file structure-v5.csv (CSV, C-alpha atoms)
chain,number,residue,atom,x,y,z
M,1,MET,CA,-85.3,-198.5,-48.5
M,2,THR,CA,-88.1,-198.9,-51.2
M,3,LEU,CA,-87.5,-202.7,-51.7
M,4,PRO,CA,-90.0,-205.3,-50.4
M,5,PRO,CA,-88.5,-207.3,-47.5
M,6,GLU,CA,-87.6,-210.4,-49.7
M,7,ARG,CA,-85.6,-208.4,-52.2
M,8,ALA,CA,-84.0,-206.2,-49.5
M,9,ILE,CA,-82.8,-209.3,-47.7
M,10,SER,CA,-81.5,-210.8,-51.0
M,11,TYR,CA,-79.5,-207.7,-51.6
M,12,PHE,CA,-77.8,-207.8,-48.2
M,13,GLU,CA,-77.1,-211.5,-48.5
M,14,SER,CA,-75.5,-210.9,-51.9
M,15,LYS,CA,-73.1,-208.5,-50.1
M,16,GLY,CA,-72.2,-211.3,-47.6
M,17,LEU,CA,-74.3,-209.7,-44.8
M,18,THR,CA,-76.8,-211.7,-42.7
M,19,PRO,CA,-79.6,-209.7,-40.9
M,20,SER,CA,-79.5,-210.3,-37.1
M,21,LEU,CA,-83.3,-210.3,-36.9
M,22,SER,CA,-85.6,-213.1,-38.1
M,23,TRP,CA,-87.0,-210.9,-40.9
M,24,GLN,CA,-89.6,-213.5,-41.9
M,25,ASP,CA,-91.0,-213.4,-38.4
M,26,MET,CA,-90.9,-209.6,-38.4
M,27,LYS,CA,-92.7,-209.6,-41.8
M,28,ASP,CA,-95.5,-211.7,-40.3
M,29,GLU,CA,-95.6,-209.4,-37.3
M,30,ALA,CA,-95.8,-206.4,-39.5
M,31,HIS,CA,-98.7,-208.0,-41.5
M,32,ALA,CA,-100.5,-208.8,-38.3
M,33,VAL,CA,-100.1,-205.2,-37.0
M,34,LYS,CA,-101.2,-203.7,-40.3
M,35,PHE,CA,-104.3,-205.9,-40.4
M,36,THR,CA,-105.2,-205.0,-36.8
M,37,VAL,CA,-104.7,-201.3,-37.3
M,38,ALA,CA,-106.8,-201.5,-40.4
M,39,GLY,CA,-109.6,-203.2,-38.4
M,40,ILE,CA,-109.4,-200.5,-35.7
M,41,THR,CA,-109.5,-197.7,-38.2
M,42,LYS,CA,-112.4,-199.3,-40.1
M,43,LEU,CA,-114.4,-199.5,-36.8
M,44,ASP,CA,-113.6,-195.9,-36.0
M,45,VAL,CA,-114.7,-194.7,-39.5
M,46,LEU,CA,-117.9,-196.8,-39.6
M,47,ASN,CA,-118.9,-195.8,-36.1
M,48,ASP,CA,-118.4,-192.1,-36.9
M,49,ILE,CA,-120.7,-192.5,-39.9
M,50,HIS,CA,-123.2,-194.5,-37.9
M,51,GLN,CA,-123.3,-191.9,-35.2
M,52,GLY,CA,-123.6,-189.1,-37.7
M,53,LEU,CA,-126.6,-190.9,-39.4
M,54,THR,CA,-128.2,-191.5,-36.0
M,55,ASP,CA,-127.9,-187.8,-35.1
M,56,VAL,CA,-129.3,-186.7,-38.5
M,57,LEU,CA,-132.3,-188.9,-38.2
M,58,ARG,CA,-132.9,-188.0,-34.6
M,59,ASN,CA,-132.9,-184.3,-35.6
M,60,GLY,CA,-135.5,-184.9,-38.3
M,61,SER,CA,-133.3,-184.7,-41.4
M,62,THR,CA,-133.7,-187.1,-44.3
M,63,LEU,CA,-131.4,-189.8,-45.6
M,64,ARG,CA,-130.9,-187.8,-48.7
M,65,GLN,CA,-129.6,-184.9,-46.6
M,66,PHE,CA,-127.3,-187.2,-44.8
M,67,GLN,CA,-125.9,-188.6,-48.1
M,68,ASP,CA,-125.3,-185.0,-49.3
M,69,ASP,CA,-123.5,-184.3,-46.0
M,70,LEU,CA,-121.4,-187.5,-46.0
M,71,GLU,CA,-118.2,-185.9,-47.3
M,72,PRO,CA,-118.3,-182.9,-45.0
M,73,LEU,CA,-119.1,-185.3,-42.1
M,74,LEU,CA,-116.0,-187.3,-42.8
M,75,GLN,CA,-114.0,-184.1,-43.2
M,76,ARG,CA,-115.2,-182.8,-39.8
M,77,LYS,CA,-114.4,-186.2,-38.2
M,78,GLY,CA,-110.9,-185.9,-39.6
M,79,TRP,CA,-110.9,-188.8,-41.9
M,80,LEU,CA,-110.9,-187.2,-45.4
M,81,GLY,CA,-109.6,-184.2,-47.1
M,82,ARG,CA,-111.4,-182.7,-50.1
M,83,GLY,CA,-111.8,-184.8,-53.2
M,84,LEU,CA,-114.1,-187.7,-52.2
M,85,LYS,CA,-114.7,-190.0,-55.2
M,86,ALA,CA,-115.7,-193.5,-56.0
M,87,ASP,CA,-113.1,-196.0,-57.4
M,88,GLU,CA,-113.9,-198.7,-60.0
M,89,ASN,CA,-115.4,-200.9,-57.3
M,90,GLY,CA,-117.7,-198.2,-56.1
M,91,GLU,CA,-115.9,-197.7,-52.8
M,92,LEU,CA,-115.4,-194.1,-51.6
M,93,GLU,CA,-111.9,-192.8,-51.4
M,94,GLY,CA,-110.3,-189.4,-51.0
M,95,LYS,CA,-107.5,-187.6,-52.8
M,96,LYS,CA,-106.1,-186.5,-49.4
M,97,LEU,CA,-106.1,-189.4,-47.0
M,98,MET,CA,-103.7,-188.0,-44.3
M,99,PRO,CA,-105.7,-185.6,-42.2
M,100,TYR,CA,-105.1,-185.3,-38.5
M,101,ARG,CA,-106.7,-188.5,-37.3
M,102,LEU,CA,-105.0,-190.8,-39.9
M,103,ASP,CA,-101.8,-188.9,-39.2
M,104,THR,CA,-102.1,-189.6,-35.5
M,105,ILE,CA,-102.9,-193.3,-36.1
M,106,PHE,CA,-99.9,-193.6,-38.4
M,107,ARG,CA,-97.5,-191.8,-36.1
M,108,THR,CA,-98.6,-193.6,-33.0
M,109,ASN,CA,-98.3,-197.1,-34.5
M,110,VAL,CA,-95.0,-196.4,-36.2
M,111,GLN,CA,-93.6,-195.1,-32.9
M,112,SER,CA,-95.0,-198.1,-31.0
M,113,ALA,CA,-93.6,-200.5,-33.5
M,114,TYR,CA,-90.2,-198.8,-33.4
M,115,ALA,CA,-90.3,-198.9,-29.6
M,116,ALA,CA,-91.1,-202.6,-29.7
M,117,GLY,CA,-88.2,-203.3,-31.9
M,118,ARG,CA,-85.9,-201.2,-29.8
M,119,TRP,CA,-87.0,-203.0,-26.6
M,120,GLN,CA,-86.2,-206.4,-28.2
M,121,GLN,CA,-82.8,-205.1,-29.4
M,122,GLN,CA,-82.0,-203.9,-25.9
M,123,MET,CA,-83.1,-207.2,-24.4
M,124,ARG,CA,-80.6,-209.0,-26.6
M,125,ASN,CA,-77.8,-206.8,-25.2
M,126,VAL,CA,-79.0,-206.5,-21.6
M,127,ALA,CA,-76.0,-208.4,-20.1
M,128,ASP,CA,-73.7,-205.6,-21.3
M,129,ARG,CA,-76.1,-202.6,-20.9
M,130,PRO,CA,-78.5,-203.4,-18.1
M,131,TYR,CA,-79.4,-199.8,-17.1
M,132,PHE,CA,-82.1,-198.0,-19.0
M,133,GLU,CA,-82.2,-194.2,-19.1
M,134,TYR,CA,-85.5,-192.3,-20.0
M,135,ASN,CA,-85.0,-189.5,-22.4
M,136,ALA,CA,-87.4,-186.7,-23.3
M,137,VAL,CA,-86.8,-184.1,-26.0
M,138,MET,CA,-87.1,-181.2,-23.4
M,139,ASP,CA,-88.5,-178.4,-25.6
M,140,ASN,CA,-91.6,-176.4,-25.3
M,141,ARG,CA,-93.7,-179.2,-26.6
M,142,THR,CA,-92.6,-181.8,-24.0
M,143,ARG,CA,-95.3,-182.8,-21.6
M,144,PRO,CA,-94.5,-182.0,-17.9
M,145,THR,CA,-94.9,-185.7,-16.8
M,146,HIS,CA,-92.5,-186.8,-19.6
M,147,ALA,CA,-90.1,-184.0,-18.7
M,148,ALA,CA,-90.1,-185.2,-15.0
M,149,LEU,CA,-88.8,-188.6,-16.2
M,150,ASN,CA,-86.0,-187.2,-18.3
M,151,GLY,CA,-82.6,-188.6,-17.4
M,152,ARG,CA,-84.0,-191.0,-14.8
M,153,VAL,CA,-82.2,-194.4,-14.8
M,154,PHE,CA,-83.7,-197.8,-13.7
M,155,ARG,CA,-82.5,-201.3,-14.2
M,156,TRP,CA,-83.9,-203.1,-17.2
M,157,ASP,CA,-85.9,-205.5,-15.0
M,158,ASP,CA,-87.4,-202.7,-12.8
M,159,PRO,CA,-91.2,-203.1,-12.9
M,160,ILE,CA,-91.5,-199.4,-13.9
M,161,TRP,CA,-90.6,-200.2,-17.5
M,162,GLN,CA,-93.8,-202.3,-17.8
M,163,SER,CA,-95.7,-199.1,-17.8
M,164,ILE,CA,-93.5,-196.1,-18.7
M,165,TYR,CA,-91.5,-197.4,-21.7
M,166,PRO,CA,-92.3,-194.9,-24.4
M,167,PRO,CA,-94.3,-193.8,-26.3
M,168,ASN,CA,-96.4,-192.6,-23.4
M,169,GLY,CA,-99.0,-190.6,-25.3
M,170,TYR,CA,-100.0,-189.5,-28.8
M,171,ARG,CA,-97.1,-187.9,-30.6
M,172,CYS,CA,-94.7,-188.7,-27.8
M,173,ARG,CA,-91.1,-188.3,-28.8
M,174,CYS,CA,-89.4,-189.9,-25.8
M,175,TRP,CA,-87.0,-192.7,-26.1
M,176,VAL,CA,-84.9,-195.0,-23.9
M,177,ARG,CA,-81.1,-195.4,-24.0
M,178,ALA,CA,-79.3,-198.5,-22.6
M,179,LEU,CA,-76.2,-197.8,-20.5
M,180,ASN,CA,-73.3,-199.9,-19.4
M,181,ALA,CA,-71.7,-199.9,-15.9
M,182,ALA,CA,-69.1,-197.2,-16.9
M,183,GLN,CA,-71.8,-194.9,-18.2
M,184,LEU,CA,-73.8,-195.4,-15.0
M,185,ASP,CA,-70.8,-194.5,-12.8
M,186,SER,CA,-70.5,-191.1,-14.4
M,187,HIS,CA,-74.2,-190.5,-14.7
M,188,PRO,CA,-75.4,-187.2,-12.9
M,189,LEU,CA,-78.5,-188.8,-11.4
M,190,GLY,CA,-77.5,-192.4,-10.8
M,191,LEU,CA,-79.6,-195.5,-10.5
M,192,GLU,CA,-83.0,-195.4,-9.0
M,193,THR,CA,-85.5,-198.0,-8.1
M,194,SER,CA,-89.3,-198.0,-8.2
M,195,ALA,CA,-89.6,-200.4,-5.2
M,196,GLY,CA,-92.4,-199.2,-2.9
M,197,ARG,CA,-93.3,-196.3,-5.2
M,198,LEU,CA,-95.6,-198.0,-7.8
M,199,ILE,CA,-99.3,-197.7,-6.9
M,200,THR,CA,-102.5,-198.4,-8.8
M,201,VAL,CA,-104.6,-195.3,-9.5
M,202,GLN,CA,-107.8,-194.7,-11.5
M,203,GLN,CA,-107.3,-192.8,-14.7
M,204,PRO,CA,-110.1,-191.4,-17.0
M,205,TYR,CA,-110.4,-193.4,-20.1
M,206,GLY,CA,-112.6,-192.8,-23.2
M,207,LEU,CA,-115.4,-190.2,-23.6
M,208,GLN,CA,-118.0,-191.8,-21.4
M,209,GLY,CA,-116.5,-190.8,-18.0
M,210,GLU,CA,-115.0,-194.3,-17.5
M,211,MET,CA,-112.1,-194.9,-15.2
M,212,ARG,CA,-109.4,-197.5,-15.7
M,213,PRO,CA,-106.7,-198.8,-13.2
M,214,VAL,CA,-103.2,-197.9,-14.3
M,215,THR,CA,-99.8,-198.0,-12.6
M,216,ALA,CA,-98.4,-194.7,-11.4
M,217,TYR,CA,-94.9,-193.9,-10.1
M,218,ARG,CA,-94.7,-191.6,-7.1
M,219,ASP,CA,-91.7,-189.4,-7.7
M,220,PRO,CA,-89.7,-189.4,-4.4
M,221,LYS,CA,-88.4,-185.9,-5.2
M,222,THR,CA,-91.7,-184.2,-5.7
M,223,GLY,CA,-94.4,-186.6,-4.6
M,224,GLN,CA,-96.0,-186.2,-8.0
M,225,LEU,CA,-97.8,-189.3,-9.5
M,226,LEU,CA,-96.3,-189.9,-12.9
M,227,THR,CA,-98.5,-191.9,-15.4
M,228,PRO,CA,-98.5,-192.3,-19.1
M,229,ASP,CA,-101.5,-190.8,-21.0
M,230,ALA,CA,-104.7,-192.8,-21.2
M,231,GLY,CA,-104.2,-195.9,-23.3
M,232,PHE,CA,-100.4,-195.9,-23.2
M,233,HIS,CA,-99.8,-197.8,-19.9
M,234,LEU,CA,-98.3,-200.9,-21.5
M,235,ASN,CA,-94.7,-201.5,-22.7
M,236,PRO,CA,-95.0,-201.8,-26.5
M,237,GLY,CA,-92.1,-204.2,-26.6
M,238,GLN,CA,-93.8,-206.6,-24.2
M,239,GLY,CA,-97.0,-206.8,-26.1
M,240,TYR,CA,-97.6,-204.2,-28.7
M,241,LEU,CA,-99.7,-206.4,-30.9
M,242,ALA,CA,-101.7,-207.6,-27.9
M,243,GLY,CA,-102.1,-203.9,-26.9
M,244,LEU,CA,-103.7,-203.2,-30.3
M,245,GLY,CA,-106.1,-206.0,-29.7
M,246,GLN,CA,-107.0,-204.4,-26.4
M,247,SER,CA,-107.5,-201.1,-28.2
M,248,LEU,CA,-109.9,-202.7,-30.6
M,249,LEU,CA,-111.9,-204.2,-27.8
M,250,GLU,CA,-111.9,-201.0,-25.8
M,251,LYS,CA,-113.3,-199.1,-28.8
M,252,GLY,CA,-115.9,-201.8,-29.1
M,253,THR,CA,-117.3,-200.9,-25.7
M,254,THR,CA,-118.5,-197.5,-27.0
M,255,ALA,CA,-119.1,-198.3,-30.7
M,256,ALA,CA,-122.4,-199.3,-32.2
M,257,PRO,CA,-122.8,-202.9,-31.0
M,258,ARG,CA,-123.4,-204.5,-34.4
M,259,LEU,CA,-120.4,-202.7,-35.9
M,260,ALA,CA,-118.2,-203.6,-32.9
M,261,ALA,CA,-119.2,-207.3,-33.0
M,262,GLN,CA,-118.4,-207.5,-36.8
M,263,ALA,CA,-115.1,-205.6,-36.5
M,264,VAL,CA,-113.9,-207.9,-33.7
M,265,ARG,CA,-115.0,-211.0,-35.5
M,266,GLU,CA,-113.3,-210.0,-38.7
M,267,THR,CA,-110.1,-208.7,-37.1
M,268,LEU,CA,-109.5,-211.6,-34.6
M,269,GLY,CA,-111.0,-214.3,-36.9
M,270,ASN,CA,-108.5,-213.6,-39.6
M,271,ASN,CA,-105.5,-212.9,-37.6
M,272,ASN,CA,-104.1,-215.9,-35.8
M,273,ARG,CA,-100.9,-214.1,-34.7
M,274,LEU,CA,-103.0,-211.4,-33.0
M,275,VAL,CA,-105.1,-214.0,-31.1
M,276,SER,CA,-101.9,-215.8,-30.0
M,277,GLU,CA,-100.4,-212.6,-28.7
M,278,MET,CA,-103.6,-211.7,-26.9
M,279,ASN,CA,-103.7,-215.1,-25.3
M,280,ARG,CA,-100.1,-214.8,-24.2
M,281,SER,CA,-100.6,-211.3,-22.9
M,282,LEU,CA,-103.8,-212.2,-21.0
M,283,ASP,CA,-102.0,-215.2,-19.4
M,284,ASN,CA,-99.1,-213.1,-18.3
M,285,TRP,CA,-101.5,-210.6,-16.8
M,286,THR,CA,-103.3,-213.2,-14.8
M,287,ARG,CA,-100.1,-214.7,-13.5
M,288,GLY,CA,-99.2,-211.3,-11.9
M,289,LEU,CA,-102.6,-210.8,-10.2
M,290,THR,CA,-102.7,-210.6,-6.4
M,291,ALA,CA,-105.3,-209.5,-3.8
M,292,ALA,CA,-104.0,-206.0,-4.3
M,293,SER,CA,-105.1,-206.1,-8.0
M,294,LYS,CA,-108.7,-205.3,-7.1
M,295,GLY,CA,-110.3,-203.1,-9.8
M,296,ASP,CA,-108.0,-204.3,-12.6
M,297,PHE,CA,-109.4,-205.9,-15.7
M,298,ARG,CA,-108.7,-207.0,-19.3
M,299,ARG,CA,-110.9,-207.2,-22.4
M,300,ALA,CA,-110.9,-210.8,-23.5
M,301,GLY,CA,-113.1,-210.9,-26.6
M,302,ALA,CA,-116.6,-210.3,-27.9
M,303,ILE,CA,-119.7,-212.3,-28.6
M,304,SER,CA,-120.3,-213.0,-32.3
M,305,PRO,CA,-122.6,-211.0,-34.5
M,306,HIS,CA,-125.0,-213.9,-34.7
M,307,VAL,CA,-125.3,-214.2,-30.9
M,308,LEU,CA,-125.7,-210.5,-30.6
M,309,ALA,CA,-128.6,-210.6,-33.1
M,310,MET,CA,-130.3,-213.4,-31.1
M,311,LEU,CA,-130.2,-211.1,-28.1
M,312,SER,CA,-131.8,-208.1,-29.9
M,313,ALA,CA,-135.5,-209.0,-29.3
M,314,ASP,CA,-136.0,-206.0,-27.0
M,315,GLY,CA,-134.2,-203.7,-29.4
M,316,ASN,CA,-131.7,-202.8,-26.7
M,317,LEU,CA,-128.4,-204.2,-27.9
M,318,PRO,CA,-125.6,-204.5,-25.4
M,319,SER,CA,-121.9,-204.0,-26.3
M,320,PRO,CA,-120.5,-207.3,-27.4
M,321,VAL,CA,-117.2,-206.9,-25.6
M,322,ILE,CA,-116.3,-209.5,-22.9
M,323,THR,CA,-114.3,-208.4,-19.9
M,324,LEU,CA,-112.4,-210.5,-17.3
M,325,SER,CA,-111.9,-208.8,-13.9
M,326,ALA,CA,-109.1,-209.5,-11.5
M,327,GLU,CA,-111.6,-210.5,-8.8
M,328,VAL,CA,-113.3,-213.1,-11.0
M,329,PHE,CA,-110.0,-214.6,-12.1
M,330,LEU,CA,-108.7,-214.9,-8.6
M,331,ALA,CA,-111.9,-216.5,-7.4
M,332,HIS,CA,-111.8,-219.1,-10.2
M,333,ARG,CA,-108.1,-219.4,-10.8
M,334,ASP,CA,-108.0,-223.1,-10.1
M,335,ALA,CA,-111.3,-224.0,-11.6
M,336,GLY,CA,-110.2,-222.6,-15.0
M,337,LYS,CA,-106.5,-223.3,-14.9
M,338,ALA,CA,-106.6,-225.2,-18.2
M,339,LEU,CA,-108.7,-222.5,-19.8
M,340,TRP,CA,-107.0,-219.2,-18.9
M,341,PRO,CA,-104.0,-219.5,-21.2
M,342,ARG,CA,-106.3,-219.9,-24.3
M,343,LEU,CA,-109.2,-217.8,-23.2
M,344,VAL,CA,-109.2,-215.4,-26.2
M,345,SER,CA,-109.3,-218.3,-28.6
M,346,LEU,CA,-112.1,-220.1,-26.7
M,347,LEU,CA,-114.3,-217.0,-26.5
M,348,LEU,CA,-113.7,-216.4,-30.3
M,349,ARG,CA,-114.8,-219.9,-31.3
M,350,PRO,CA,-116.9,-221.6,-28.6
M,351,GLN,CA,-118.4,-225.0,-29.3
M,352,ALA,CA,-121.8,-223.7,-28.5
M,353,VAL,CA,-123.5,-220.7,-26.8
M,354,LEU,CA,-126.5,-221.3,-24.5
M,355,LEU,CA,-128.9,-218.8,-23.1
M,356,ARG,CA,-129.9,-219.6,-19.5
M,357,GLY,CA,-132.0,-216.8,-18.0
M,358,GLU,CA,-130.0,-213.6,-18.1
M,359,GLU,CA,-126.7,-215.4,-18.6
M,360,LEU,CA,-124.8,-216.6,-21.6
M,361,HIS,CA,-123.0,-219.9,-21.2
M,362,LEU,CA,-120.1,-220.4,-23.7
M,363,VAL,CA,-119.3,-224.1,-24.0
M,364,THR,CA,-115.7,-224.8,-24.9
M,365,PRO,CA,-114.5,-227.8,-27.1
M,366,ASP,CA,-113.4,-230.9,-25.3
M,367,ASN,CA,-109.7,-230.0,-25.3
M,368,PRO,CA,-108.4,-231.1,-22.9
M,369,ARG,CA,-111.8,-231.0,-21.1
M,370,ARG,CA,-115.1,-229.4,-21.7
M,371,GLU,CA,-115.8,-226.3,-19.7
M,372,VAL,CA,-118.4,-223.5,-19.5
M,373,VAL,CA,-117.6,-219.8,-19.4
M,374,VAL,CA,-120.5,-217.9,-17.7
M,375,LEU,CA,-121.2,-214.4,-19.0
M,376,ARG,CA,-123.4,-211.7,-17.5
M,377,ARG,CA,-124.6,-208.6,-19.2
M,378,GLY,CA,-123.4,-205.3,-17.7
M,379,SER,CA,-123.3,-201.6,-18.5
M,380,ASP,CA,-120.3,-201.9,-20.9
M,381,GLY,CA,-120.9,-205.3,-22.4
M,382,PHE,CA,-120.5,-208.8,-20.9
M,383,SER,CA,-118.4,-209.8,-18.0
M,384,ILE,CA,-117.1,-213.2,-17.2
M,385,ALA,CA,-118.8,-214.4,-14.0
M,386,GLY,CA,-117.1,-217.7,-13.6
M,387,VAL,CA,-115.9,-220.9,-15.2
M,388,ARG,CA,-116.8,-224.5,-14.4
M,389,ALA,CA,-116.8,-228.0,-15.9
M,390,TRP,CA,-119.6,-229.1,-18.2
M,391,ALA,CA,-122.5,-230.8,-16.6
M,392,ASP,CA,-125.4,-232.8,-18.1
M,393,THR,CA,-127.9,-230.2,-16.7
M,394,ASP,CA,-126.4,-227.6,-19.0
M,395,ALA,CA,-128.3,-229.3,-21.8
M,396,ALA,CA,-131.4,-227.5,-20.5
M,397,GLY,CA,-130.3,-224.2,-21.8
M,398,GLU,CA,-131.5,-222.6,-25.1
M,399,VAL,CA,-128.9,-223.1,-27.8
M,400,ILE,CA,-128.5,-219.8,-29.7
M,401,ASP,CA,-125.3,-220.7,-31.5
M,402,GLY,CA,-123.3,-223.9,-32.2
M,403,ALA,CA,-124.4,-227.5,-32.0
M,404,LEU,CA,-125.5,-228.8,-28.6
M,405,ALA,CA,-125.9,-232.3,-29.9
M,406,GLU,CA,-122.2,-232.5,-30.5
M,407,VAL,CA,-121.6,-231.2,-27.0
M,408,ALA,CA,-124.0,-233.7,-25.3
M,409,ASP,CA,-122.5,-236.6,-27.2
M,410,GLY,CA,-118.9,-235.5,-26.3
M,411,ALA,CA,-118.0,-235.2,-29.9

call {"tool": "encode", "arguments": {"input": "structure-v5.csv", "output": "structure tokens"}}
result
Amino acid sequence: MTLPPERAISYFESKGLTPSLSWQDMKDEAHAVKFTVAGITKLDVLNDIHQGLTDVLRNGSTLRQFQDDLEPLLQRKGWLGRGLKADENGELEGKKLMPYRLDTIFRTNVQSAYAAGRWQQQMRNVADRPYFEYNAVMDNRTRPTHAALNGRVFRWDDPIWQSIYPPNGYRCRCWVRALNAAQLDSHPLGLETSAGRLITVQQPYGLQGEMRPVTAYRDPKTGQLLTPDAGFHLNPGQGYLAGLGQSLLEKGTTAAPRLAAQAVRETLGNNNRLVSEMNRSLDNWTRGLTAASKGDFRRAGAISPHVLAMLSADGNLPSPVITLSAEVFLAHRDAGKALWPRLVSLLLRPQAVLLRGEELHLVTPDNPRREVVVLRRGSDGFSIAGVRAWADTDAAGEVIDGALAEVADGA
């Protein structure tokens, strides 16, 4: 259990055993998850320090007083135990690095990664075991909504599993068991369906009073609306890594703008697997949108630190996060059909960024055709207002990033 993956696999192969999973792919996936979680944690820590410094200065304290208070601040925020010290590179580290927040991050991501692997394993055996049973621990720590789902059985392809496949909250201990036909025949509750019982509701999200649309299941027995806890409305097996990307961007909407822009750029810019998964997840989301999806949205990226700096003349920095709403996608579905499947990549590395009035125009590379993504500034960052083909009149905009000459020449 302590061997690195390569040596562990060599050991099993020496015993004549061949792992059923593509361990090299899983190793890459694990690396991408580790890198993404590290980026999210870094943003959390830096934003807490930034907010602490802002509060200290607003209250009239000095920088020296803040420096003296740094370790207690990090302890209060839940990042460090006692024993703050500097390593040989001058970076601060603690002797106790598993307080409650790091413990929660660790447990949540281990549980989600395990659930993702379990889902994939169940998918490979779905022909023999097509019925999924929700299991809660059912002790005095089990949440009522989780207990209400205990023992309920739905087919593997029932849409309910897109939202309630555990974990369904921090420190959730629920799990799913796959059943065969014989087990279903003797099951005390039998098979259910979510048809006609899934509705979209607004759920509080974050600390700023924001609301987010999520899928709820109306229990036919009690009429109760069952939803996962905030932030846990996606099946980890169908996009755990992409879900981490969404978490990073969601945190960026409330973090200090410069920190958020840098964290997104570093995490996405150095993690091709994460970007690919976010592209795939966003594309899958858009394919399922209908007129009934009003109010739904996804975070699709963030403007770069350089562009953010160019917009800071008035000192009022917006959040750098870019959001795509269901309404805008449906209105521009055909106009951007070549763009939507690679939107995250294009927002990360546009050919050029133009400032036209109050709008930002992100010009995409000519592959397969040059297009413009129009962004408008809002209360929680930037929203995509539309997409269109490049026109010669676009050259009139002020270039704040990239090379307009290459765009105009079609290079």

call {"tool": "closest_residue", "arguments": {"input": "structure-v5.csv", "among": "M:Phe329, M:Leu343, M:Lys337, M:Tyr114", "to": "M:Ala385", "atoms": "only C-alpha atoms"}}
result
M:Phe329

call {"tool": "residues_near_point", "arguments": {"input": "structure-v5.csv", "point": "(-93.2, -184.2, -21.0)", "cutoff": "12 Å", "atoms": "all atoms listed in the file", "output": "PDB file with C-alpha atoms, in the frame of the given file"}}
result
ATOM      1  CA  TYR M 134     -85.500-192.300 -20.000  1.00  0.00           C
ATOM      2  CA  ASN M 135     -85.000-189.500 -22.400  1.00  0.00           C
ATOM      3  CA  ALA M 136     -87.400-186.700 -23.300  1.00  0.00           C
ATOM      4  CA  VAL M 137     -86.800-184.100 -26.000  1.00  0.00           C
ATOM      5  CA  MET M 138     -87.100-181.200 -23.400  1.00  0.00           C
ATOM      6  CA  ASP M 139     -88.500-178.400 -25.600  1.00  0.00           C
ATOM      7  CA  ASN M 140     -91.600-176.400 -25.300  1.00  0.00           C
ATOM      8  CA  ARG M 141     -93.700-179.200 -26.600  1.00  0.00           C
ATOM      9  CA  THR M 142     -92.600-181.800 -24.000  1.00  0.00           C
ATOM     10  CA  ARG M 143     -95.300-182.800 -21.600  1.00  0.00           C
ATOM     11  CA  PRO M 144     -94.500-182.000 -17.900  1.00  0.00           C
ATOM     12  CA  THR M 145     -94.900-185.700 -16.800  1.00  0.00           C
ATOM     13  CA  HIS M 146     -92.500-186.800 -19.600  1.00  0.00           C
ATOM     14  CA  ALA M 147     -90.100-184.000 -18.700  1.00  0.00           C
ATOM     15  CA  ALA M 148     -90.100-185.200 -15.000  1.00  0.00           C
ATOM     16  CA  LEU M 149     -88.800-188.600 -16.200  1.00  0.00           C
ATOM     17  CA  ASN M 150     -86.000-187.200 -18.300  1.00  0.00           C
ATOM     18  CA  PRO M 166     -92.300-194.900 -24.400  1.00  0.00           C
ATOM     19  CA  PRO M 167     -94.300-193.800 -26.300  1.00  0.00           C
ATOM     20  CA  ASN M 168     -96.400-192.600 -23.400  1.00  0.00           C
ATOM     21  CA  GLY M 169     -99.000-190.600 -25.300  1.00  0.00           C
ATOM     22  CA  TYR M 170    -100.000-189.500 -28.800  1.00  0.00           C
ATOM     23  CA  ARG M 171     -97.100-187.900 -30.600  1.00  0.00           C
ATOM     24  CA  CYS M 172     -94.700-188.700 -27.800  1.00  0.00           C
ATOM     25  CA  ARG M 173     -91.100-188.300 -28.800  1.00  0.00           C
ATOM     26  CA  CYS M 174     -89.400-189.900 -25.800  1.00  0.00           C
ATOM     27  CA  TRP M 175     -87.000-192.700 -26.100  1.00  0.00           C
ATOM     28  CA  LEU M 226     -96.300-189.900 -12.900  1.00  0.00           C
ATOM     29  CA  THR M 227     -98.500-191.900 -15.400  1.00  0.00           C
ATOM     30  CA  PRO M 228     -98.500-192.300 -19.100  1.00  0.00           C
ATOM     31  CA  ASP M 229    -101.500-190.800 -21.000  1.00  0.00           C
TER      32      ASP M 229
END

call {"tool": "closest_residue", "arguments": {"input": "structure-v5.csv", "among": "M:Gly39, M:Pro130, M:Pro318, M:Gly378", "to": "M:Leu274", "atoms": "all atoms listed in the file"}}
result
M:Gly39

call {"tool": "residues_near_point", "arguments": {"input": "structure-v5.csv", "point": "(-92.2, -206.4, -30.6)", "cutoff": "8 Å", "atoms": "all atoms listed in the file", "output": "PyMOL selection string"}}
result
chain M and resi 113+115-117+119-120+236-241

call {"tool": "residues_around", "arguments": {"input": "structure-v5.csv", "residues": "stretch 369-377 of chain M", "least_positions_apart": "4", "cutoff": "6 Å", "atoms": "all atoms listed in the file", "output": "list in words"}}
result
Glu359, Leu360, His361, Leu362, Val363, Thr364, Pro365, Gly381, Phe382, Ser383, Ile384, Ala385, Gly386, Val387, Arg388, Ala389 and Trp390 of chain M

call {"tool": "atom_distance", "arguments": {"input": "structure-v5.csv", "atom1": "atom CA of M:Thr222", "atom2": "atom CA of M:Arg155"}}
result
21.2 Å

call {"tool": "atom_distance", "arguments": {"input": "structure-v5.csv", "atom1": "atom CA of M:Leu244", "atom2": "atom CA of M:His306"}}
result
24.2 Å
